[in-house]
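Asks: Mind having a look at this structure? Questions to follow.
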Amino acid sequence: MRGFRQYALTAAFAGTALAAPAAAQDDAAIETIETIDVIVVTAQKREQSSLEVPVTITAYSGDFLVQNGIEEFNELGEFVPGLVVQEQSVNNPGFVIRGITSDSGSAQIAPRVSIYQDGVDVSRSRGSIVELHDLERVEVLKGPQATLFGSGASIGAISLISARPTEEFEAEVLAGAGDFNLVKTRGYVSGPLGEAFGGRFAWIYKERDGYIENIDGSDRSQQPGAGQAEDLNGTNTFAVRGFLNFSPSDRFSADLIVNYQRDEPSGTSFKSGSIPPTGGTTNPNSFAELGPTGATANEFLGGPLGIERDVTSITLNVEYQLSENWQLTSITNHREFDSLEVFDADGTAAYWLEFAEDATGDQFSQEFRFNYDTAGRFSGFGGISFFREDGRQGVPFSTDEGVFAACSGLVPGVSCVNADGSVNSAFPVPVIYNDLFANTGETDTWSAYVDGTWALTDRVNVTAGVRYIYDEKRSGFVATGNPSVLGQGDPLLPFGNTGNVLVESETLDFDDVTPRLLVDYAFADDFLVYASIAQGRRADVIDVTGTGGAENPTPVVSVLPAEKIWSYDVGIKGRIGTVLFDATVYYQDYENFQTSIIDADSGDTTPVNAGSATNTGFEGSISGQVGDGLSYFANLAYIDAKFDDTDSAGNPQVFGGNRFRLQPEWSASAGATYTWLLPTAGSIFTTLTATYRSEVFFDDDNAPVAGLEIAEDAVTLANLRVGYEAADRSWSLSAFATNLFDEEYILDAGNTGGVFGTPTFIAAPPRMWGVEALYRFF
């Protein structure tokens, strides 16, 4: 249906002139919106225009991502209404859809947002951040998507689809440089490898110094193994993808996709809001004085401040056309990640709260899906899947007990850090204490699902689907520490000491059913209205601690019930001339809302049942083209997301009336691209975007800590990109600036330090600029 054709600017602006070869512009006219390529999405496991899908979805082409410099999830979030992505670091992202955050690093807690890469669930928090390079498209679905994307999609899903091998040889190489010593390169090589084979190899590398100076105000740089302090919040990422396709006939196709990513950024700037660095202030955007103190801490925690993370994934996708109406798809994957982040949780020069997080994960999944389509009144799909995951999250902790006592207020009249930067201690000599606690999780999940669409008339469709989920889960806990002076000879382990012996729960099983029902009506060729009801589920949590020491290690087990969500959406999407629009209102109702609290003694995160919660909201977008050279977009989202004052029994709730963390009440973005056509000499383009979000809280408690607000006021940012592209599109030059007006704001607040009375704050990136050169081989 022509009225539902979607083009490369889906819900955005991206510069439509750039989508058409300049060589075709002999009449000094840019191709109109009618001839822009259609974006086809596969959110419902079959190819459809996104305007034909009765789901709240935002889809962007790979060209759009490239033209707007979108290479990371947090950059993507600026263009998607209802999506917030907080990248505290590559090891600790937070995905927020419609007010609900998915960011737990525990091996025992399931994600709420499904991140899919080429049909594979990669949602585990510490392994979910991947570079958005060389993609065919990205699809963002909001609301429960369990039938389509598995039980992890309780509030939404983000699906990444890699660019495929091309039928003819082509290649692209980009090189860039910028401030903070930015160096980057990105590109791909693609083409046939014989009669039945095609291949594609893509890469991205970028390195940038940190933007928060970490001063070396003490003598710890002279201690063996300490080294010179490295500036904080830097970038060092290398990722590659190999894609091999085998298509011996029109009926059979097999894709082998191998992904690898290595991240080695500098440490995160958890800066104290109450204790300034030597000669400095507590402003999180100014210099800091952080770091594990000396070789002892570095050795126990695993190294200096920073992150070392490796992610490897191997996927085999096979499609076989069984008959004219039936297709079989098999998706097999093995994926693993290994991540170590060393961080200074107190945010000061003191040897006080020195932590690391050592997380590993190994998963295997297999899915078989049958699709049925007669091009008639009914189409649908059904399948079975298996998912196995083994994970571990270890948290080493190191401190000087004398400093810990002074800085934690255990010694009356003794401050933590003096004005000259010297650190006080309750003891005359250092007393080093180290401990380690870790959680483990093993999960086997079997699913069976079916989903179908019936065309009741030429304009009315009804879609129904259901997924059955069966989980087998087992959790474990291990803890050990050296004797402590403050603990009178016992380790400082509030969740119990198991003497470095792993204690585990029994294997418990849980099952559930998650349905969805949708009705859509195309009241004109270019307009669709729809209504949907769907249920989402976040799996039960088996929380394990331990007691008894090495002599009698014993697990202490509690079970947090599954979080349930019912979501109700009513939406409209369509097109008027060269204008695309969509709008959705929704209501979501939660029970057994799962959140986490940080223990004041250990810094460990504990899952808790926060009771019931509801939210209502609106999301809308508009995009289009004016004249030959101007394209534009605007997005708006509103959400009233709070915990209910009372539970279902009328009892007051702990977080009653509080707003959900990380979710602004209002968010908006807008932008435009203008392209000037130079006769026979290419084109000049410029893109300006602006984003806005209202106040956010960084903790479900919504309360100050030590007199400091754990929140951020409203923030407005602007980005600019200008460039030149040759007439045959073989090369281009561009320059860009992010945070154009150098707005100071923070990414996060509170954190582990807040539990100990010294909340820490993470500065957001200042204005950054760079230049890029791109060359294409045809």
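We label chains A, B, ... in the order they appear in the structure tokens, count residues from 1 in each chain, and number ligands from 1 in the order shown.
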List the spatial neighbours of Val96 of chain A as a PDB file with C-alpha atoms, in the first residue's frame - criterion: any atom at most 10 Å away, only C-alpha atoms, same-chain residues fewer than 5 positions off excluded.

Replies:
```
ATOM      1  CA  GLY A  77      17.938   7.692  22.937  1.00  0.00           C
ATOM      2  CA  GLY A  82      10.037   7.459  25.557  1.00  0.00           C
ATOM      3  CA  LEU A  83      13.584   6.014  25.512  1.00  0.00           C
ATOM      4  CA  VAL A  84      16.344   7.155  27.887  1.00  0.00           C
ATOM      5  CA  VAL A  85      19.742   5.454  27.888  1.00  0.00           C
ATOM      6  CA  GLN A  86      22.105   6.331  30.715  1.00  0.00           C
ATOM      7  CA  THR A 101      14.784   1.251  34.280  1.00  0.00           C
ATOM      8  CA  SER A 102      16.656  -1.907  33.337  1.00  0.00           C
ATOM      9  CA  ASP A 103      20.210  -1.715  34.708  1.00  0.00           C
ATOM     10  CA  ARG A 112      13.348  -5.516  31.754  1.00  0.00           C
ATOM     11  CA  VAL A 113      14.381  -4.289  28.293  1.00  0.00           C
ATOM     12  CA  ILE A 155       8.645  -2.996  29.040  1.00  0.00           C
ATOM     13  CA  GLY A 156      10.139  -2.830  25.555  1.00  0.00           C
ATOM     14  CA  ARG A 661      14.383   6.973  38.904  1.00  0.00           C
ATOM     15  CA  LEU A 662      16.034   8.253  35.700  1.00  0.00           C
ATOM     16  CA  GLN A 663      12.701   9.175  34.098  1.00  0.00           C
TER      17      GLN A 663
END
```

Asks: Would you mind writing down, as a list in words, each residue of segment 91-310 of chain A that DSSP on the backbone assigns to helix (DSSP H, G or I)?

Replies: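 Result set for segment 91-310 of chain A (helix (DSSP H, G or I)): Ser125, Arg126, Gly127, Ser128, Ala146, Thr147, Leu148, Phe149, Asp219, Arg220, Ser221, Gln222, Gly294, Ala295, Thr296, Ala297, Asn298, Glu299, Phe300 and Leu301 of chain A.
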
Asks: Would you compute the distance between atom CA of Glu336 of chain A and atom CA of Ser128 of chain A? Give it in Å to one decimal.

Replies: 10.8 Å

Asks: Do a neighbour search on segment 253-268 of chain A at 6 Å with only C-alpha atoms, toss out local chain neighbours closer than 4 positions, and write the hits as a VMD selection string.

Replies: chain A and resid 232 to 247 305 to 319

Asks: Name the residues in contact with Ala297 of chain A at a cut-off of 9 Å, using only C-alpha atoms, excluding same-chain residues fewer than 3 positions from it; report them as a PyMOL selection string.

Replies: chain A and resi 226+292-294+300-304+351+354+397-399+432+434

Asks: Quick one: pull the distance between atom CA of Ala749 of chain A and atom CA of Phe761 of chain A, Å, one decimal.

Replies: 4.4 Å

Asks: So which residues touch Ser274 of chain A within 9 Å, counting only C-alpha atoms, skipping near sequence neighbours fewer than 2 positions away, as a ChimeraX atom specification?

Replies: /A:272,276,282,706,708,757-760

Asks: When DSSP is applied to the backbone of this structure, which of segment 122-217 of chain A are assigned strand (DSSP E)? Write them out as a compact mmCIF listing (two decimals) with all heavy atoms, in the first residue's frame.

Replies:
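Saved result, part.txt, follows:
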```txt
# COMPACT_ATOMS: atom_id res chain seq x y z
N LEU A 135 25.01 -0.90 10.59
CA LEU A 135 23.70 -1.52 10.76
C LEU A 135 22.81 -1.27 9.55
O LEU A 135 22.90 -0.22 8.90
CB LEU A 135 23.01 -0.96 12.01
CG LEU A 135 23.69 -1.23 13.36
CD1 LEU A 135 22.88 -0.60 14.48
CD2 LEU A 135 23.86 -2.72 13.60
N GLU A 136 21.95 -2.22 9.27
CA GLU A 136 20.91 -2.01 8.26
C GLU A 136 19.82 -1.11 8.82
O GLU A 136 19.33 -0.22 8.15
CB GLU A 136 20.33 -3.35 7.83
CG GLU A 136 19.21 -3.24 6.80
CD GLU A 136 18.67 -4.60 6.41
OE1 GLU A 136 19.47 -5.45 5.99
OE2 GLU A 136 17.44 -4.81 6.54
N ARG A 137 19.47 -1.36 10.11
CA ARG A 137 18.47 -0.53 10.77
C ARG A 137 18.45 -0.86 12.25
O ARG A 137 19.03 -1.86 12.70
CB ARG A 137 17.07 -0.75 10.17
CG ARG A 137 16.49 -2.11 10.41
CD ARG A 137 15.16 -2.32 9.71
NE ARG A 137 14.59 -3.63 10.00
CZ ARG A 137 14.93 -4.74 9.37
NH1 ARG A 137 15.83 -4.71 8.40
NH2 ARG A 137 14.37 -5.89 9.70
N VAL A 138 17.75 -0.03 13.01
CA VAL A 138 17.49 -0.29 14.42
C VAL A 138 16.01 -0.04 14.65
O VAL A 138 15.42 0.90 14.10
CB VAL A 138 18.36 0.61 15.33
CG1 VAL A 138 18.15 2.08 15.04
CG2 VAL A 138 18.07 0.33 16.81
N GLU A 139 15.38 -0.92 15.44
CA GLU A 139 13.96 -0.81 15.75
C GLU A 139 13.80 -0.73 17.26
O GLU A 139 14.38 -1.53 18.00
CB GLU A 139 13.19 -2.03 15.22
CG GLU A 139 13.36 -2.25 13.72
CD GLU A 139 12.76 -3.57 13.24
OE1 GLU A 139 12.09 -4.24 14.06
OE2 GLU A 139 12.97 -3.93 12.07
N VAL A 140 13.02 0.24 17.73
CA VAL A 140 12.74 0.40 19.16
C VAL A 140 11.25 0.24 19.37
O VAL A 140 10.45 1.00 18.81
CB VAL A 140 13.21 1.78 19.68
CG1 VAL A 140 12.93 1.91 21.17
CG2 VAL A 140 14.69 1.99 19.38
N LEU A 141 10.86 -0.77 20.15
CA LEU A 141 9.46 -1.05 20.43
C LEU A 141 9.20 -0.74 21.90
O LEU A 141 9.99 -1.10 22.77
CB LEU A 141 9.11 -2.51 20.15
CG LEU A 141 9.18 -2.97 18.69
CD1 LEU A 141 10.60 -3.40 18.33
CD2 LEU A 141 8.22 -4.13 18.45
N LYS A 142 8.08 -0.09 22.17
CA LYS A 142 7.75 0.29 23.54
C LYS A 142 6.51 -0.44 24.03
O LYS A 142 5.61 -0.72 23.24
CB LYS A 142 7.56 1.80 23.61
CG LYS A 142 8.88 2.56 23.60
CD LYS A 142 8.77 3.96 23.03
CE LYS A 142 8.81 3.92 21.52
NZ LYS A 142 8.86 5.29 20.94
N GLY A 156 9.77 -3.27 26.88
CA GLY A 156 10.14 -2.83 25.56
C GLY A 156 11.33 -3.60 25.02
O GLY A 156 11.91 -4.45 25.70
N ALA A 157 11.69 -3.30 23.79
CA ALA A 157 12.79 -4.00 23.13
C ALA A 157 13.49 -3.07 22.16
O ALA A 157 12.88 -2.19 21.56
CB ALA A 157 12.28 -5.24 22.41
N ILE A 158 14.80 -3.29 22.03
CA ILE A 158 15.61 -2.60 21.02
C ILE A 158 16.25 -3.68 20.16
O ILE A 158 16.96 -4.55 20.67
CB ILE A 158 16.70 -1.72 21.67
CG1 ILE A 158 16.06 -0.70 22.61
CG2 ILE A 158 17.54 -1.03 20.61
CD1 ILE A 158 17.08 0.10 23.42
N SER A 159 15.98 -3.63 18.87
CA SER A 159 16.46 -4.66 17.95
C SER A 159 17.44 -4.05 16.96
O SER A 159 17.10 -3.09 16.25
CB SER A 159 15.28 -5.30 17.21
OG SER A 159 15.73 -6.29 16.31
N LEU A 160 18.64 -4.63 16.91
CA LEU A 160 19.69 -4.17 15.99
C LEU A 160 19.83 -5.19 14.87
O LEU A 160 19.98 -6.39 15.12
CB LEU A 160 21.03 -4.04 16.72
CG LEU A 160 21.03 -3.26 18.04
CD1 LEU A 160 22.42 -3.30 18.66
CD2 LEU A 160 20.58 -1.83 17.82
N ILE A 161 19.80 -4.72 13.63
CA ILE A 161 19.92 -5.60 12.47
C ILE A 161 21.15 -5.18 11.69
O ILE A 161 21.24 -4.05 11.19
CB ILE A 161 18.67 -5.55 11.57
CG1 ILE A 161 17.45 -6.06 12.35
CG2 ILE A 161 18.88 -6.37 10.32
CD1 ILE A 161 16.66 -5.00 13.08
N SER A 162 22.13 -6.07 11.59
CA SER A 162 23.40 -5.76 10.93
C SER A 162 23.22 -5.65 9.42
O SER A 162 22.36 -6.32 8.82
CB SER A 162 24.44 -6.85 11.23
OG SER A 162 24.71 -6.94 12.61
N GLU A 170 31.69 -3.31 -2.59
CA GLU A 170 31.69 -1.93 -2.13
C GLU A 170 32.41 -1.86 -0.79
O GLU A 170 32.53 -2.86 -0.08
CB GLU A 170 30.28 -1.37 -2.01
CG GLU A 170 29.39 -2.06 -1.01
CD GLU A 170 28.00 -1.43 -0.94
OE1 GLU A 170 27.29 -1.43 -1.98
OE2 GLU A 170 27.64 -0.95 0.15
N ALA A 171 32.91 -0.68 -0.48
CA ALA A 171 33.64 -0.49 0.77
C ALA A 171 33.53 0.97 1.18
O ALA A 171 33.23 1.85 0.36
CB ALA A 171 35.10 -0.90 0.63
N GLU A 172 33.77 1.20 2.46
CA GLU A 172 33.70 2.55 3.00
C GLU A 172 34.70 2.67 4.15
O GLU A 172 34.81 1.77 4.97
CB GLU A 172 32.28 2.83 3.50
CG GLU A 172 32.06 4.19 4.10
CD GLU A 172 30.61 4.40 4.51
OE1 GLU A 172 29.76 4.55 3.60
OE2 GLU A 172 30.33 4.39 5.72
N VAL A 173 35.43 3.78 4.18
CA VAL A 173 36.41 4.02 5.23
C VAL A 173 36.21 5.43 5.76
O VAL A 173 36.14 6.39 4.97
CB VAL A 173 37.85 3.86 4.73
CG1 VAL A 173 38.84 4.17 5.86
CG2 VAL A 173 38.09 2.46 4.21
N LEU A 174 36.09 5.56 7.07
CA LEU A 174 35.98 6.87 7.71
C LEU A 174 37.14 7.02 8.70
O LEU A 174 37.48 6.07 9.41
CB LEU A 174 34.65 7.00 8.44
CG LEU A 174 34.42 8.31 9.23
CD1 LEU A 174 32.96 8.76 9.13
CD2 LEU A 174 34.80 8.15 10.71
N ALA A 175 37.71 8.22 8.72
CA ALA A 175 38.73 8.56 9.71
C ALA A 175 38.36 9.88 10.34
O ALA A 175 37.85 10.79 9.66
CB ALA A 175 40.11 8.64 9.06
N GLY A 176 38.59 9.99 11.65
CA GLY A 176 38.20 11.21 12.34
C GLY A 176 39.18 11.57 13.45
O GLY A 176 39.96 10.74 13.93
N ALA A 177 39.13 12.83 13.85
CA ALA A 177 39.95 13.34 14.95
C ALA A 177 39.20 14.48 15.61
O ALA A 177 38.27 15.06 15.02
CB ALA A 177 41.32 13.80 14.45
N GLY A 178 39.58 14.79 16.86
CA GLY A 178 38.89 15.86 17.56
C GLY A 178 39.58 16.23 18.85
O GLY A 178 40.71 15.80 19.13
N LEU A 182 40.82 12.87 20.40
CA LEU A 182 39.97 11.90 19.73
C LEU A 182 40.65 11.36 18.48
O LEU A 182 41.15 12.12 17.65
CB LEU A 182 38.64 12.53 19.34
CG LEU A 182 37.74 11.69 18.42
CD1 LEU A 182 37.24 10.44 19.14
CD2 LEU A 182 36.58 12.51 17.88
N VAL A 183 40.66 10.04 18.35
CA VAL A 183 41.08 9.35 17.14
C VAL A 183 40.06 8.25 16.87
O VAL A 183 39.71 7.50 17.77
CB VAL A 183 42.48 8.72 17.28
CG1 VAL A 183 42.84 7.95 16.03
CG2 VAL A 183 43.52 9.79 17.56
N LYS A 184 39.57 8.18 15.64
CA LYS A 184 38.57 7.15 15.34
C LYS A 184 38.67 6.72 13.89
O LYS A 184 39.13 7.47 13.02
CB LYS A 184 37.15 7.65 15.63
CG LYS A 184 36.67 8.78 14.72
CD LYS A 184 35.25 9.21 15.03
CE LYS A 184 34.24 8.14 14.78
NZ LYS A 184 32.84 8.62 14.95
N THR A 185 38.23 5.50 13.64
CA THR A 185 38.08 5.01 12.28
C THR A 185 36.92 4.03 12.27
O THR A 185 36.64 3.35 13.27
CB THR A 185 39.35 4.34 11.76
OG1 THR A 185 39.12 3.85 10.43
CG2 THR A 185 39.76 3.18 12.64
N ARG A 186 36.24 4.00 11.15
CA ARG A 186 35.09 3.12 10.99
C ARG A 186 34.97 2.75 9.53
O ARG A 186 35.33 3.55 8.64
CB ARG A 186 33.81 3.85 11.43
CG ARG A 186 32.56 3.01 11.40
CD ARG A 186 31.31 3.84 11.66
NE ARG A 186 30.99 4.70 10.52
CZ ARG A 186 30.81 6.01 10.58
NH1 ARG A 186 30.94 6.63 11.72
NH2 ARG A 186 30.51 6.70 9.49
N GLY A 187 34.48 1.55 9.24
CA GLY A 187 34.30 1.21 7.83
C GLY A 187 33.83 -0.21 7.64
O GLY A 187 33.56 -0.95 8.60
N TYR A 188 33.75 -0.60 6.37
CA TYR A 188 33.36 -1.96 6.03
C TYR A 188 33.85 -2.29 4.62
O TYR A 188 34.14 -1.41 3.81
CB TYR A 188 31.84 -2.15 6.10
CG TYR A 188 31.07 -1.44 5.01
CD1 TYR A 188 30.84 -2.06 3.77
CD2 TYR A 188 30.58 -0.15 5.20
CE1 TYR A 188 30.13 -1.42 2.77
CE2 TYR A 188 29.88 0.50 4.19
CZ TYR A 188 29.66 -0.13 2.98
OH TYR A 188 28.98 0.51 1.99
N VAL A 189 33.94 -3.59 4.36
CA VAL A 189 34.24 -4.12 3.03
C VAL A 189 33.21 -5.21 2.79
O VAL A 189 32.99 -6.08 3.65
CB VAL A 189 35.66 -4.70 2.95
CG1 VAL A 189 35.92 -5.26 1.56
CG2 VAL A 189 36.70 -3.64 3.29
N SER A 190 32.56 -5.18 1.61
CA SER A 190 31.46 -6.11 1.36
C SER A 190 31.41 -6.51 -0.10
O SER A 190 31.77 -5.72 -0.99
CB SER A 190 30.13 -5.44 1.76
OG SER A 190 29.03 -6.29 1.49
N GLY A 191 30.96 -7.74 -0.35
CA GLY A 191 30.80 -8.18 -1.72
C GLY A 191 30.67 -9.68 -1.84
O GLY A 191 30.70 -10.41 -0.84
N PRO A 192 30.54 -10.18 -3.08
CA PRO A 192 30.40 -11.63 -3.30
C PRO A 192 31.72 -12.35 -3.07
O PRO A 192 32.80 -11.80 -3.28
CB PRO A 192 29.96 -11.71 -4.76
CG PRO A 192 30.51 -10.46 -5.40
CD PRO A 192 30.47 -9.41 -4.34
N PHE A 197 28.24 -17.49 -2.12
CA PHE A 197 28.67 -16.88 -0.88
C PHE A 197 28.79 -15.37 -1.01
O PHE A 197 29.11 -14.85 -2.09
CB PHE A 197 30.02 -17.45 -0.42
CG PHE A 197 29.98 -18.86 0.05
CD1 PHE A 197 30.19 -19.91 -0.84
CD2 PHE A 197 29.73 -19.16 1.38
CE1 PHE A 197 30.15 -21.22 -0.41
CE2 PHE A 197 29.69 -20.47 1.82
CZ PHE A 197 29.89 -21.50 0.92
N GLY A 198 28.53 -14.70 0.10
CA GLY A 198 28.78 -13.27 0.20
C GLY A 198 29.37 -12.97 1.55
O GLY A 198 29.09 -13.66 2.54
N GLY A 199 30.20 -11.95 1.64
CA GLY A 199 30.84 -11.63 2.90
C GLY A 199 30.88 -10.14 3.18
O GLY A 199 30.79 -9.32 2.26
N ARG A 200 30.99 -9.82 4.45
CA ARG A 200 31.09 -8.43 4.87
C ARG A 200 31.93 -8.39 6.14
O ARG A 200 31.75 -9.19 7.06
CB ARG A 200 29.70 -7.84 5.13
CG ARG A 200 29.68 -6.34 5.35
CD ARG A 200 28.25 -5.85 5.57
NE ARG A 200 28.15 -4.41 5.63
CZ ARG A 200 27.68 -3.64 4.67
NH1 ARG A 200 27.25 -4.19 3.53
NH2 ARG A 200 27.60 -2.33 4.80
N PHE A 201 32.85 -7.44 6.19
CA PHE A 201 33.68 -7.23 7.37
C PHE A 201 33.59 -5.76 7.75
O PHE A 201 33.79 -4.88 6.90
CB PHE A 201 35.13 -7.61 7.09
CG PHE A 201 36.04 -7.35 8.26
CD1 PHE A 201 36.07 -8.23 9.34
CD2 PHE A 201 36.86 -6.23 8.31
CE1 PHE A 201 36.90 -7.99 10.43
CE2 PHE A 201 37.69 -5.99 9.39
CZ PHE A 201 37.71 -6.87 10.45
N ALA A 202 33.26 -5.49 9.01
CA ALA A 202 33.08 -4.11 9.47
C ALA A 202 33.86 -3.91 10.76
O ALA A 202 34.05 -4.84 11.55
CB ALA A 202 31.60 -3.80 9.69
N TRP A 203 34.28 -2.68 10.98
CA TRP A 203 35.04 -2.37 12.19
C TRP A 203 34.74 -0.94 12.66
O TRP A 203 34.27 -0.10 11.89
CB TRP A 203 36.54 -2.50 11.94
CG TRP A 203 37.11 -1.37 11.11
CD1 TRP A 203 37.64 -0.18 11.56
CD2 TRP A 203 37.16 -1.29 9.68
NE1 TRP A 203 38.03 0.62 10.52
CE2 TRP A 203 37.74 -0.04 9.34
CE3 TRP A 203 36.77 -2.15 8.64
CZ2 TRP A 203 37.95 0.37 8.04
CZ3 TRP A 203 36.97 -1.73 7.32
CH2 TRP A 203 37.55 -0.50 7.04
N ILE A 204 35.05 -0.70 13.92
CA ILE A 204 35.03 0.65 14.46
C ILE A 204 36.06 0.71 15.59
O ILE A 204 36.20 -0.24 16.36
CB ILE A 204 33.64 1.06 14.97
CG1 ILE A 204 33.65 2.54 15.43
CG2 ILE A 204 33.16 0.16 16.10
CD1 ILE A 204 32.25 3.09 15.71
N TYR A 205 36.82 1.78 15.62
CA TYR A 205 37.79 2.01 16.69
C TYR A 205 37.71 3.48 17.05
O TYR A 205 37.71 4.36 16.18
CB TYR A 205 39.21 1.67 16.25
CG TYR A 205 40.26 2.15 17.23
CD1 TYR A 205 40.48 1.46 18.42
CD2 TYR A 205 41.00 3.30 16.99
CE1 TYR A 205 41.43 1.90 19.33
CE2 TYR A 205 41.95 3.75 17.89
CZ TYR A 205 42.16 3.05 19.07
OH TYR A 205 43.08 3.49 19.97
N LYS A 206 37.64 3.77 18.34
CA LYS A 206 37.68 5.16 18.78
C LYS A 206 38.32 5.24 20.16
O LYS A 206 38.08 4.42 21.03
CB LYS A 206 36.29 5.79 18.78
CG LYS A 206 35.22 5.06 19.54
CD LYS A 206 33.87 5.73 19.32
CE LYS A 206 32.75 4.97 19.97
NZ LYS A 206 31.43 5.58 19.71
N GLU A 207 39.15 6.26 20.29
CA GLU A 207 39.86 6.50 21.55
C GLU A 207 39.82 7.99 21.83
O GLU A 207 40.06 8.81 20.94
CB GLU A 207 41.29 6.01 21.46
CG GLU A 207 42.06 6.16 22.77
CD GLU A 207 43.44 5.54 22.71
OE1 GLU A 207 43.82 5.03 21.64
OE2 GLU A 207 44.16 5.57 23.74
N ARG A 208 39.51 8.32 23.07
CA ARG A 208 39.42 9.73 23.46
C ARG A 208 39.82 9.85 24.93
O ARG A 208 39.42 9.02 25.76
CB ARG A 208 37.99 10.25 23.27
CG ARG A 208 37.85 11.74 23.39
CD ARG A 208 36.46 12.19 22.95
NE ARG A 208 36.49 13.47 22.28
CZ ARG A 208 35.59 13.89 21.41
NH1 ARG A 208 34.58 13.11 21.10
NH2 ARG A 208 35.69 15.08 20.85
```

Asks: Provide the atom CA of Ile215 of chain A to atom CA of Asp231 of chain A distance in Å, to one decimal place.

Replies: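 So the answer is 8.0 Å.
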
Asks: With 9 Å as the cut-off and only C-alpha atoms counted, what is the closest atom pair between each nearby residue of segment 82-103 of chain A and segment 635-648 of chain A? Distances in Å to one decimal, ordered by chain and number, as a Markdown table.

Replies:
```
| residue | atom | partner | partner_atom | distance |
| --- | --- | --- | --- | --- |
| A:Gly82 | CA | A:Ala637 | CA | 5.8 |
| A:Arg98 | CA | A:Ile639 | CA | 7.0 |
| A:Gly99 | CA | A:Ala641 | CA | 6.0 |
| A:Ile100 | CA | A:Ala641 | CA | 8.4 |
```

Asks: Filtering to N, CA, C and O atoms, could you give me those residues as an mmCIF file, in the first residue's frame?

Replies:
```cif
data_model
loop_
_atom_site.group_PDB
_atom_site.id
_atom_site.type_symbol
_atom_site.label_atom_id
_atom_site.label_comp_id
_atom_site.auth_asym_id
_atom_site.auth_seq_id
_atom_site.Cartn_x
_atom_site.Cartn_y
_atom_site.Cartn_z
ATOM 1 N N GLY A 82 10.312 8.508 24.581
ATOM 2 C CA GLY A 82 10.037 7.459 25.557
ATOM 3 C C GLY A 82 11.211 6.575 25.889
ATOM 4 O O GLY A 82 11.089 5.670 26.723
ATOM 5 N N ARG A 98 9.605 4.156 28.953
ATOM 6 C CA ARG A 98 8.356 4.520 29.625
ATOM 7 C C ARG A 98 8.507 4.525 31.144
ATOM 8 O O ARG A 98 7.667 4.020 31.873
ATOM 9 N N GLY A 99 9.621 5.077 31.613
ATOM 10 C CA GLY A 99 9.803 5.301 33.026
ATOM 11 C C GLY A 99 10.410 4.163 33.802
ATOM 12 O O GLY A 99 10.765 4.327 34.969
ATOM 13 N N ILE A 100 10.565 2.998 33.206
ATOM 14 C CA ILE A 100 11.052 1.830 33.920
ATOM 15 C C ILE A 100 12.489 1.561 33.508
ATOM 16 O O ILE A 100 12.812 1.480 32.321
#
```

Asks: Could you pull the residues within 9 Å of Leu353 of chain A, counting only C-alpha atoms, minus those fewer than 3 positions along the same chain, as a ChimeraX atom specification?

Replies: /A:292,343-347,350,397-400,404,752-753

Asks: Please write the residues from the selection above to a file, keeping N, CA and C atoms, as a CSV table (one decimal), in the first residue's frame.

Replies:
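Okay, this is what ended up in out-v7.csv:
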```csv
chain,number,residue,atom,x,y,z
A,292,PRO,N,42.3,3.9,43.6
A,292,PRO,CA,42.8,3.0,44.6
A,292,PRO,C,44.2,3.4,45.0
A,343,PHE,N,36.5,1.0,40.6
A,343,PHE,CA,36.0,2.4,40.8
A,343,PHE,C,36.2,2.8,42.3
A,344,ASP,N,36.3,4.1,42.4
A,344,ASP,CA,36.5,4.8,43.7
A,344,ASP,C,35.1,5.2,44.2
A,345,ALA,N,34.5,4.5,45.1
A,345,ALA,CA,33.1,4.7,45.4
A,345,ALA,C,32.9,5.9,46.4
A,346,ASP,N,34.0,6.3,47.1
A,346,ASP,CA,33.9,7.5,48.0
A,346,ASP,C,34.1,8.8,47.2
A,347,GLY,N,34.8,8.8,46.1
A,347,GLY,CA,35.0,10.0,45.3
A,347,GLY,C,36.0,10.9,45.9
A,350,ALA,N,40.9,9.7,49.7
A,350,ALA,CA,41.0,8.8,50.9
A,350,ALA,C,41.0,7.3,50.4
A,397,PHE,N,36.3,-5.5,47.7
A,397,PHE,CA,36.3,-4.2,48.4
A,397,PHE,C,37.6,-4.1,49.2
A,398,SER,N,38.2,-2.9,49.2
A,398,SER,CA,39.5,-2.6,49.9
A,398,SER,C,39.4,-1.3,50.6
A,399,THR,N,39.9,-1.3,51.8
A,399,THR,CA,40.0,0.0,52.6
A,399,THR,C,41.1,0.0,53.6
A,400,ASP,N,41.5,1.2,54.1
A,400,ASP,CA,42.3,1.3,55.2
A,400,ASP,C,41.4,1.5,56.4
A,404,PHE,N,38.7,4.4,57.1
A,404,PHE,CA,37.3,4.1,57.1
A,404,PHE,C,36.6,4.6,58.3
A,752,THR,N,27.1,4.3,45.3
A,752,THR,CA,27.4,3.6,46.5
A,752,THR,C,27.9,4.6,47.6
A,753,GLY,N,28.6,5.7,47.2
A,753,GLY,CA,29.0,6.6,48.2
A,753,GLY,C,27.9,7.2,49.0
```
